[in-house]
>>> print(open('entry_25.pdb').read())   # PDB, N, CA and C atoms
ATOM      1  N   MET A 848      44.983 -33.198  15.729  1.00  0.00           N
ATOM      2  CA  MET A 848      44.253 -33.764  16.834  1.00  0.00           C
ATOM      3  C   MET A 848      43.656 -32.657  17.715  1.00  0.00           C
ATOM      4  N   ALA A 849      44.411 -31.602  17.950  1.00  0.00           N
ATOM      5  CA  ALA A 849      43.906 -30.513  18.769  1.00  0.00           C
ATOM      6  C   ALA A 849      42.806 -29.764  18.036  1.00  0.00           C
ATOM      7  N   ASP A 850      42.851 -29.789  16.700  1.00  0.00           N
ATOM      8  CA  ASP A 850      41.824 -29.108  15.920  1.00  0.00           C
ATOM      9  C   ASP A 850      40.455 -29.767  16.094  1.00  0.00           C
ATOM     10  N   GLU A 851      40.415 -31.068  16.409  1.00  0.00           N
ATOM     11  CA  GLU A 851      39.146 -31.775  16.577  1.00  0.00           C
ATOM     12  C   GLU A 851      38.408 -31.326  17.836  1.00  0.00           C
ATOM     13  N   LEU A 852      39.115 -30.843  18.830  1.00  0.00           N
ATOM     14  CA  LEU A 852      38.509 -30.422  20.080  1.00  0.00           C
ATOM     15  C   LEU A 852      37.915 -29.026  19.995  1.00  0.00           C
ATOM     16  N   VAL A 853      38.377 -28.236  19.068  1.00  0.00           N
ATOM     17  CA  VAL A 853      37.883 -26.869  18.917  1.00  0.00           C
ATOM     18  C   VAL A 853      36.636 -26.916  18.033  1.00  0.00           C
ATOM     19  N   PRO A 854      35.488 -26.453  18.566  1.00  0.00           N
ATOM     20  CA  PRO A 854      34.275 -26.485  17.739  1.00  0.00           C
ATOM     21  C   PRO A 854      34.374 -25.513  16.571  1.00  0.00           C
ATOM     22  N   LYS A 855      33.896 -25.973  15.420  1.00  0.00           N
ATOM     23  CA  LYS A 855      33.915 -25.110  14.249  1.00  0.00           C
ATOM     24  C   LYS A 855      32.783 -24.099  14.374  1.00  0.00           C
ATOM     25  N   LYS A 856      33.084 -22.869  14.015  1.00  0.00           N
ATOM     26  CA  LYS A 856      32.068 -21.831  14.064  1.00  0.00           C
ATOM     27  C   LYS A 856      31.316 -21.824  12.736  1.00  0.00           C
ATOM     28  N   GLU A 857      29.998 -22.036  12.837  1.00  0.00           N
ATOM     29  CA  GLU A 857      29.170 -21.996  11.642  1.00  0.00           C
ATOM     30  C   GLU A 857      28.606 -20.594  11.496  1.00  0.00           C
ATOM     31  N   SER A 858      28.290 -20.238  10.278  1.00  0.00           N
ATOM     32  CA  SER A 858      27.638 -18.951  10.081  1.00  0.00           C
ATOM     33  C   SER A 858      26.207 -19.062  10.600  1.00  0.00           C
ATOM     34  N   TRP A 859      25.581 -17.938  10.828  1.00  0.00           N
ATOM     35  CA  TRP A 859      24.219 -17.963  11.361  1.00  0.00           C
ATOM     36  C   TRP A 859      23.249 -18.565  10.350  1.00  0.00           C
ATOM     37  N   ILE A 860      23.559 -18.441   9.081  1.00  0.00           N
ATOM     38  CA  ILE A 860      22.705 -19.035   8.056  1.00  0.00           C
ATOM     39  C   ILE A 860      22.765 -20.559   8.135  1.00  0.00           C
ATOM     40  N   GLU A 861      23.969 -21.107   8.276  1.00  0.00           N
ATOM     41  CA  GLU A 861      24.119 -22.558   8.372  1.00  0.00           C
ATOM     42  C   GLU A 861      23.482 -23.099   9.649  1.00  0.00           C
ATOM     43  N   SER A 862      23.666 -22.393  10.762  1.00  0.00           N
ATOM     44  CA  SER A 862      23.096 -22.880  12.016  1.00  0.00           C
ATOM     45  C   SER A 862      21.571 -22.787  12.002  1.00  0.00           C
ATOM     46  N   THR A 863      21.030 -21.742  11.380  1.00  0.00           N
ATOM     47  CA  THR A 863      19.577 -21.615  11.260  1.00  0.00           C
ATOM     48  C   THR A 863      19.021 -22.704  10.359  1.00  0.00           C
ATOM     49  N   ARG A 864      19.695 -22.993   9.263  1.00  0.00           N
ATOM     50  CA  ARG A 864      19.260 -24.054   8.359  1.00  0.00           C
ATOM     51  C   ARG A 864      19.272 -25.405   9.075  1.00  0.00           C
ATOM     52  N   GLU A 865      20.318 -25.670   9.825  1.00  0.00           N
ATOM     53  CA  GLU A 865      20.414 -26.934  10.564  1.00  0.00           C
ATOM     54  C   GLU A 865      19.306 -27.026  11.620  1.00  0.00           C
ATOM     55  N   TYR A 866      19.023 -25.922  12.263  1.00  0.00           N
ATOM     56  CA  TYR A 866      17.948 -25.877  13.265  1.00  0.00           C
ATOM     57  C   TYR A 866      16.601 -26.210  12.629  1.00  0.00           C
ATOM     58  N   LEU A 867      16.314 -25.618  11.489  1.00  0.00           N
ATOM     59  CA  LEU A 867      15.047 -25.876  10.808  1.00  0.00           C
ATOM     60  C   LEU A 867      14.949 -27.322  10.315  1.00  0.00           C
ATOM     61  N   ILE A 868      16.049 -27.885   9.867  1.00  0.00           N
ATOM     62  CA  ILE A 868      16.066 -29.293   9.461  1.00  0.00           C
ATOM     63  C   ILE A 868      15.775 -30.185  10.663  1.00  0.00           C
ATOM     64  N   ASP A 869      16.367 -29.866  11.805  1.00  0.00           N
ATOM     65  CA  ASP A 869      16.115 -30.634  13.026  1.00  0.00           C
ATOM     66  C   ASP A 869      14.654 -30.532  13.462  1.00  0.00           C
ATOM     67  N   ILE A 870      14.065 -29.347  13.329  1.00  0.00           N
ATOM     68  CA  ILE A 870      12.655 -29.169  13.688  1.00  0.00           C
ATOM     69  C   ILE A 870      11.770 -30.028  12.797  1.00  0.00           C
ATOM     70  N   ARG A 871      12.027 -30.016  11.501  1.00  0.00           N
ATOM     71  CA  ARG A 871      11.232 -30.806  10.564  1.00  0.00           C
ATOM     72  C   ARG A 871      11.333 -32.303  10.897  1.00  0.00           C
ATOM     73  N   ALA A 872      12.537 -32.775  11.214  1.00  0.00           N
ATOM     74  CA  ALA A 872      12.722 -34.185  11.554  1.00  0.00           C
ATOM     75  C   ALA A 872      11.985 -34.530  12.851  1.00  0.00           C
ATOM     76  N   GLU A 873      12.031 -33.634  13.823  1.00  0.00           N
ATOM     77  CA  GLU A 873      11.354 -33.879  15.098  1.00  0.00           C
ATOM     78  C   GLU A 873       9.836 -33.882  14.933  1.00  0.00           C
ATOM     79  N   MET A 874       9.326 -32.978  14.109  1.00  0.00           N
ATOM     80  CA  MET A 874       7.876 -32.909  13.898  1.00  0.00           C
ATOM     81  C   MET A 874       7.339 -34.153  13.206  1.00  0.00           C
ATOM     82  N   LYS A 875       8.165 -34.837  12.419  1.00  0.00           N
ATOM     83  CA  LYS A 875       7.729 -36.077  11.779  1.00  0.00           C
ATOM     84  C   LYS A 875       7.581 -37.205  12.798  1.00  0.00           C
ATOM     85  N   ARG A 876       8.275 -37.099  13.917  1.00  0.00           N
ATOM     86  CA  ARG A 876       8.206 -38.140  14.951  1.00  0.00           C
ATOM     87  C   ARG A 876       7.073 -37.928  15.948  1.00  0.00           C
ATOM     88  N   VAL A 877       6.408 -36.791  15.883  1.00  0.00           N
ATOM     89  CA  VAL A 877       5.339 -36.471  16.830  1.00  0.00           C
ATOM     90  C   VAL A 877       4.113 -37.327  16.525  1.00  0.00           C
ATOM     91  N   THR A 878       3.480 -37.838  17.580  1.00  0.00           N
ATOM     92  CA  THR A 878       2.232 -38.560  17.428  1.00  0.00           C
ATOM     93  C   THR A 878       1.103 -37.573  17.675  1.00  0.00           C
ATOM     94  N   TRP A 879       0.353 -37.264  16.637  1.00  0.00           N
ATOM     95  CA  TRP A 879      -0.695 -36.266  16.731  1.00  0.00           C
ATOM     96  C   TRP A 879      -2.007 -36.923  17.136  1.00  0.00           C
ATOM     97  N   PRO A 880      -2.803 -36.261  17.992  1.00  0.00           N
ATOM     98  CA  PRO A 880      -4.102 -36.831  18.376  1.00  0.00           C
ATOM     99  C   PRO A 880      -5.090 -36.748  17.220  1.00  0.00           C
ATOM    100  N   SER A 881      -6.094 -37.612  17.282  1.00  0.00           N
ATOM    101  CA  SER A 881      -7.120 -37.580  16.237  1.00  0.00           C
ATOM    102  C   SER A 881      -8.009 -36.353  16.420  1.00  0.00           C
ATOM    103  N   ARG A 882      -8.771 -36.023  15.393  1.00  0.00           N
ATOM    104  CA  ARG A 882      -9.662 -34.869  15.457  1.00  0.00           C
ATOM    105  C   ARG A 882     -10.725 -35.070  16.533  1.00  0.00           C
ATOM    106  N   ALA A 883     -11.233 -36.291  16.646  1.00  0.00           N
ATOM    107  CA  ALA A 883     -12.261 -36.573  17.654  1.00  0.00           C
ATOM    108  C   ALA A 883     -11.708 -36.373  19.061  1.00  0.00           C
ATOM    109  N   LYS A 884     -10.478 -36.786  19.287  1.00  0.00           N
ATOM    110  CA  LYS A 884      -9.855 -36.609  20.599  1.00  0.00           C
ATOM    111  C   LYS A 884      -9.675 -35.131  20.924  1.00  0.00           C
ATOM    112  N   VAL A 885      -9.236 -34.353  19.958  1.00  0.00           N
ATOM    113  CA  VAL A 885      -9.057 -32.914  20.163  1.00  0.00           C
ATOM    114  C   VAL A 885     -10.397 -32.252  20.460  1.00  0.00           C
ATOM    115  N   GLU A 886     -11.437 -32.620  19.707  1.00  0.00           N
ATOM    116  CA  GLU A 886     -12.755 -32.030  19.931  1.00  0.00           C
ATOM    117  C   GLU A 886     -13.295 -32.380  21.312  1.00  0.00           C
ATOM    118  N   SER A 887     -13.119 -33.638  21.725  1.00  0.00           N
ATOM    119  CA  SER A 887     -13.658 -34.034  23.034  1.00  0.00           C
ATOM    120  C   SER A 887     -12.909 -33.350  24.175  1.00  0.00           C
ATOM    121  N   THR A 888     -11.595 -33.259  24.087  1.00  0.00           N
ATOM    122  CA  THR A 888     -10.851 -32.597  25.166  1.00  0.00           C
ATOM    123  C   THR A 888     -11.110 -31.097  25.173  1.00  0.00           C
ATOM    124  N   THR A 889     -11.321 -30.502  24.009  1.00  0.00           N
ATOM    125  CA  THR A 889     -11.674 -29.083  23.952  1.00  0.00           C
ATOM    126  C   THR A 889     -13.013 -28.845  24.614  1.00  0.00           C
ATOM    127  N   LEU A 890     -13.969 -29.715  24.372  1.00  0.00           N
ATOM    128  CA  LEU A 890     -15.281 -29.602  25.003  1.00  0.00           C
ATOM    129  C   LEU A 890     -15.166 -29.721  26.524  1.00  0.00           C
ATOM    130  N   VAL A 891     -14.342 -30.645  26.989  1.00  0.00           N
ATOM    131  CA  VAL A 891     -14.134 -30.806  28.435  1.00  0.00           C
ATOM    132  C   VAL A 891     -13.549 -29.533  29.031  1.00  0.00           C
ATOM    133  N   VAL A 892     -12.594 -28.928  28.359  1.00  0.00           N
ATOM    134  CA  VAL A 892     -11.973 -27.702  28.855  1.00  0.00           C
ATOM    135  C   VAL A 892     -12.987 -26.563  28.912  1.00  0.00           C
ATOM    136  N   ILE A 893     -13.782 -26.407  27.863  1.00  0.00           N
ATOM    137  CA  ILE A 893     -14.763 -25.323  27.835  1.00  0.00           C
ATOM    138  C   ILE A 893     -15.809 -25.500  28.927  1.00  0.00           C
ATOM    139  N   VAL A 894     -16.319 -26.709  29.089  1.00  0.00           N
ATOM    140  CA  VAL A 894     -17.313 -26.980  30.132  1.00  0.00           C
ATOM    141  C   VAL A 894     -16.702 -26.749  31.518  1.00  0.00           C
ATOM    142  N   SER A 895     -15.467 -27.190  31.708  1.00  0.00           N
ATOM    143  CA  SER A 895     -14.798 -26.998  33.000  1.00  0.00           C
ATOM    144  C   SER A 895     -14.614 -25.523  33.325  1.00  0.00           C
ATOM    145  N   VAL A 896     -14.246 -24.738  32.334  1.00  0.00           N
ATOM    146  CA  VAL A 896     -14.054 -23.300  32.560  1.00  0.00           C
ATOM    147  C   VAL A 896     -15.365 -22.659  33.009  1.00  0.00           C
ATOM    148  N   PHE A 897     -16.459 -22.983  32.329  1.00  0.00           N
ATOM    149  CA  PHE A 897     -17.746 -22.404  32.715  1.00  0.00           C
ATOM    150  C   PHE A 897     -18.193 -22.910  34.089  1.00  0.00           C
ATOM    151  N   ALA A 898     -17.944 -24.186  34.394  1.00  0.00           N
ATOM    152  CA  ALA A 898     -18.313 -24.721  35.706  1.00  0.00           C
ATOM    153  C   ALA A 898     -17.537 -24.010  36.813  1.00  0.00           C
ATOM    154  N   PHE A 899     -16.237 -23.811  36.622  1.00  0.00           N
ATOM    155  CA  PHE A 899     -15.449 -23.100  37.620  1.00  0.00           C
ATOM    156  C   PHE A 899     -15.867 -21.640  37.724  1.00  0.00           C
ATOM    157  N   ALA A 900     -16.239 -21.027  36.608  1.00  0.00           N
ATOM    158  CA  ALA A 900     -16.697 -19.636  36.644  1.00  0.00           C
ATOM    159  C   ALA A 900     -17.955 -19.509  37.490  1.00  0.00           C
ATOM    160  N   VAL A 901     -18.894 -20.426  37.304  1.00  0.00           N
ATOM    161  CA  VAL A 901     -20.123 -20.407  38.105  1.00  0.00           C
ATOM    162  C   VAL A 901     -19.799 -20.658  39.577  1.00  0.00           C
ATOM    163  N   TYR A 902     -18.945 -21.628  39.842  1.00  0.00           N
ATOM    164  CA  TYR A 902     -18.553 -21.950  41.221  1.00  0.00           C
ATOM    165  C   TYR A 902     -17.935 -20.725  41.905  1.00  0.00           C
ATOM    166  N   PHE A 903     -16.983 -20.089  41.244  1.00  0.00           N
ATOM    167  CA  PHE A 903     -16.326 -18.938  41.853  1.00  0.00           C
ATOM    168  C   PHE A 903     -17.252 -17.742  41.986  1.00  0.00           C
ATOM    169  N   LYS A 904     -18.203 -17.586  41.087  1.00  0.00           N
ATOM    170  CA  LYS A 904     -19.191 -16.515  41.208  1.00  0.00           C
ATOM    171  C   LYS A 904     -20.055 -16.738  42.446  1.00  0.00           C
ATOM    172  N   ILE A 905     -20.467 -17.984  42.680  1.00  0.00           N
ATOM    173  CA  ILE A 905     -21.268 -18.302  43.873  1.00  0.00           C
ATOM    174  C   ILE A 905     -20.459 -18.030  45.142  1.00  0.00           C
ATOM    175  N   ILE A 906     -19.231 -18.509  45.184  1.00  0.00           N
ATOM    176  CA  ILE A 906     -18.373 -18.294  46.353  1.00  0.00           C
ATOM    177  C   ILE A 906     -18.135 -16.798  46.566  1.00  0.00           C
ATOM    178  N   ASP A 907     -17.879 -16.060  45.497  1.00  0.00           N
ATOM    179  CA  ASP A 907     -17.653 -14.617  45.603  1.00  0.00           C
ATOM    180  C   ASP A 907     -18.892 -13.907  46.147  1.00  0.00           C
ATOM    181  N   THR A 908     -20.060 -14.297  45.685  1.00  0.00           N
ATOM    182  CA  THR A 908     -21.294 -13.686  46.166  1.00  0.00           C
ATOM    183  C   THR A 908     -21.514 -13.974  47.647  1.00  0.00           C
ATOM    184  N   VAL A 909     -21.282 -15.208  48.069  1.00  0.00           N
ATOM    185  CA  VAL A 909     -21.453 -15.575  49.479  1.00  0.00           C
ATOM    186  C   VAL A 909     -20.482 -14.781  50.346  1.00  0.00           C
ATOM    187  N   ILE A 910     -19.230 -14.708  49.940  1.00  0.00           N
ATOM    188  CA  ILE A 910     -18.233 -13.969  50.733  1.00  0.00           C
ATOM    189  C   ILE A 910     -18.579 -12.482  50.753  1.00  0.00           C
ATOM    190  N   ASP A 911     -18.979 -11.934  49.606  1.00  0.00           N
ATOM    191  CA  ASP A 911     -19.338 -10.515  49.530  1.00  0.00           C
ATOM    192  C   ASP A 911     -20.497 -10.199  50.472  1.00  0.00           C
ATOM    193  N   ARG A 912     -21.543 -10.998  50.421  1.00  0.00           N
ATOM    194  CA  ARG A 912     -22.703 -10.744  51.283  1.00  0.00           C
ATOM    195  C   ARG A 912     -22.339 -10.919  52.757  1.00  0.00           C
ATOM    196  N   THR A 913     -21.484 -11.865  53.078  1.00  0.00           N
ATOM    197  CA  THR A 913     -21.057 -12.068  54.459  1.00  0.00           C
ATOM    198  C   THR A 913     -20.266 -10.861  54.965  1.00  0.00           C
ATOM    199  N   VAL A 914     -19.347 -10.380  54.161  1.00  0.00           N
ATOM    200  CA  VAL A 914     -18.535  -9.234  54.564  1.00  0.00           C
ATOM    201  C   VAL A 914     -19.402  -7.985  54.699  1.00  0.00           C
ATOM    202  N   VAL A 915     -20.293  -7.749  53.766  1.00  0.00           N
ATOM    203  CA  VAL A 915     -21.168  -6.570  53.823  1.00  0.00           C
ATOM    204  C   VAL A 915     -22.083  -6.655  55.038  1.00  0.00           C
ATOM    205  N   ALA A 916     -22.656  -7.833  55.288  1.00  0.00           N
ATOM    206  CA  ALA A 916     -23.530  -7.990  56.455  1.00  0.00           C
ATOM    207  C   ALA A 916     -22.746  -7.777  57.750  1.00  0.00           C
ATOM    208  N   GLY A 917     -21.526  -8.296  57.809  1.00  0.00           N
ATOM    209  CA  GLY A 917     -20.685  -8.093  58.988  1.00  0.00           C
ATOM    210  C   GLY A 917     -20.322  -6.635  59.174  1.00  0.00           C
ATOM    211  N   TYR A 918     -20.035  -5.948  58.086  1.00  0.00           N
ATOM    212  CA  TYR A 918     -19.714  -4.529  58.150  1.00  0.00           C
ATOM    213  C   TYR A 918     -20.907  -3.733  58.673  1.00  0.00           C
ATOM    214  N   HIS A 919     -22.099  -3.992  58.124  1.00  0.00           N
ATOM    215  CA  HIS A 919     -23.300  -3.278  58.576  1.00  0.00           C
ATOM    216  C   HIS A 919     -23.618  -3.589  60.040  1.00  0.00           C
ATOM    217  N   TYR A 920     -23.376  -4.812  60.453  1.00  0.00           N
ATOM    218  CA  TYR A 920     -23.601  -5.187  61.830  1.00  0.00           C
ATOM    219  C   TYR A 920     -22.668  -4.408  62.765  1.00  0.00           C
ATOM    220  N   LEU A 921     -21.401  -4.295  62.376  1.00  0.00           N
ATOM    221  CA  LEU A 921     -20.426  -3.575  63.205  1.00  0.00           C
ATOM    222  C   LEU A 921     -20.642  -2.068  63.195  1.00  0.00           C
ATOM    223  N   VAL A 922     -21.089  -1.516  62.097  1.00  0.00           N
ATOM    224  CA  VAL A 922     -21.296  -0.074  61.991  1.00  0.00           C
ATOM    225  C   VAL A 922     -22.507   0.346  62.835  1.00  0.00           C
ATOM    226  N   LYS A 923     -23.529  -0.463  62.899  1.00  0.00           N
ATOM    227  CA  LYS A 923     -24.730  -0.110  63.634  1.00  0.00           C
ATOM    228  C   LYS A 923     -24.490  -0.088  65.136  1.00  0.00           C
ATOM    229  N   GLN A 924     -23.521  -0.807  65.625  1.00  0.00           N
ATOM    230  CA  GLN A 924     -23.304  -0.870  67.071  1.00  0.00           C
ATOM    231  C   GLN A 924     -22.476   0.260  67.568  1.00  0.00           C
TER
END
>>> encode(input="entry_25.pdb", output="structure tokens")
Amino acid sequence: MADELVPKKESWIESTREYLIDIRAEMKRVTWPSRAKVESTTLVVIVSVFAFAVYFKIIDTVIDRTVVAGYHYLVKQ
């Protein structure tokens, strides 16, 4: 009875094999998206990245010009 409470030590080969079997079983239960869904969401991500890049470039330019203009204004006085 006391032996049941002590976990049996498996070799690393057995534990690795069991891990890989568990991964295979879990991957069979995964619901994979369709190709069309993957393509559409990828397109959304790419467009969003470029839109944010343009947005941040505009904001960076405005802030840069404001800081430079303020610096030149303060230096001249």
>>> atom_distance(input="entry_25.pdb", atom1="atom C of Val909 (chain A)", atom2="atom C of Ile893 (chain A)")
24.4 Å
>>> atom_distance(input="entry_25.pdb", atom1="CA of Val922 (chain A)", atom2="CA of Ile905 (chain A)")
25.7 Å
>>> atom_distance(input="entry_25.pdb", atom1="atom N of Phe903 (chain A)", atom2="atom N of Tyr920 (chain A)")
25.4 Å
>>> select_by_dssp(input="entry_25.pdb", residues="region 848-891 of chain A", states="helix (DSSP H, G or I)", output="JSON, numbers by chain")
{"A": [849, 850, 851, 852, 859, 860, 861, 862, 863, 864, 865, 866, 867, 868, 869, 870, 871, 872, 873, 874, 875, 876, 882, 883, 884, 885, 886, 887, 888, 889, 890, 891]}
>>> decode(input="entry_25.pdb", residues="region 883-900 of chain A", atoms="N, CA and C atoms", output="compact mmCIF listing (two decimals), in the first residue's frame")
# COMPACT_ATOMS: atom_id res chain seq x y z
N ALA A 883 -8.22 29.54 -46.31
CA ALA A 883 -8.77 30.86 -46.61
C ALA A 883 -8.76 31.75 -45.37
N LYS A 884 -9.07 31.18 -44.23
CA LYS A 884 -9.06 31.95 -42.98
C LYS A 884 -7.65 32.41 -42.64
N VAL A 885 -6.67 31.54 -42.80
CA VAL A 885 -5.28 31.90 -42.53
C VAL A 885 -4.82 33.00 -43.47
N GLU A 886 -5.16 32.88 -44.76
CA GLU A 886 -4.76 33.89 -45.73
C GLU A 886 -5.39 35.24 -45.42
N SER A 887 -6.68 35.23 -45.05
CA SER A 887 -7.35 36.51 -44.78
C SER A 887 -6.79 37.17 -43.52
N THR A 888 -6.55 36.41 -42.47
CA THR A 888 -6.01 37.01 -41.25
C THR A 888 -4.57 37.46 -41.45
N THR A 889 -3.81 36.74 -42.26
CA THR A 889 -2.44 37.17 -42.58
C THR A 889 -2.46 38.49 -43.32
N LEU A 890 -3.37 38.64 -44.26
CA LEU A 890 -3.51 39.89 -45.00
C LEU A 890 -3.87 41.04 -44.06
N VAL A 891 -4.77 40.79 -43.13
CA VAL A 891 -5.15 41.82 -42.15
C VAL A 891 -3.95 42.24 -41.33
N VAL A 892 -3.14 41.29 -40.90
CA VAL A 892 -1.96 41.61 -40.10
C VAL A 892 -0.96 42.43 -40.90
N ILE A 893 -0.71 42.04 -42.14
CA ILE A 893 0.26 42.77 -42.97
C ILE A 893 -0.21 44.19 -43.23
N VAL A 894 -1.48 44.36 -43.58
CA VAL A 894 -2.02 45.70 -43.83
C VAL A 894 -1.97 46.54 -42.55
N SER A 895 -2.31 45.93 -41.42
CA SER A 895 -2.27 46.66 -40.15
C SER A 895 -0.86 47.12 -39.80
N VAL A 896 0.12 46.27 -40.04
CA VAL A 896 1.51 46.64 -39.74
C VAL A 896 1.92 47.84 -40.58
N PHE A 897 1.61 47.82 -41.87
CA PHE A 897 1.97 48.95 -42.72
C PHE A 897 1.20 50.21 -42.34
N ALA A 898 -0.08 50.07 -41.97
CA ALA A 898 -0.86 51.23 -41.56
C ALA A 898 -0.28 51.85 -40.29
N PHE A 899 0.09 51.03 -39.31
CA PHE A 899 0.70 51.56 -38.10
C PHE A 899 2.07 52.16 -38.38
N ALA A 900 2.82 51.58 -39.30
CA ALA A 900 4.13 52.13 -39.65
C ALA A 900 3.98 53.53 -40.23
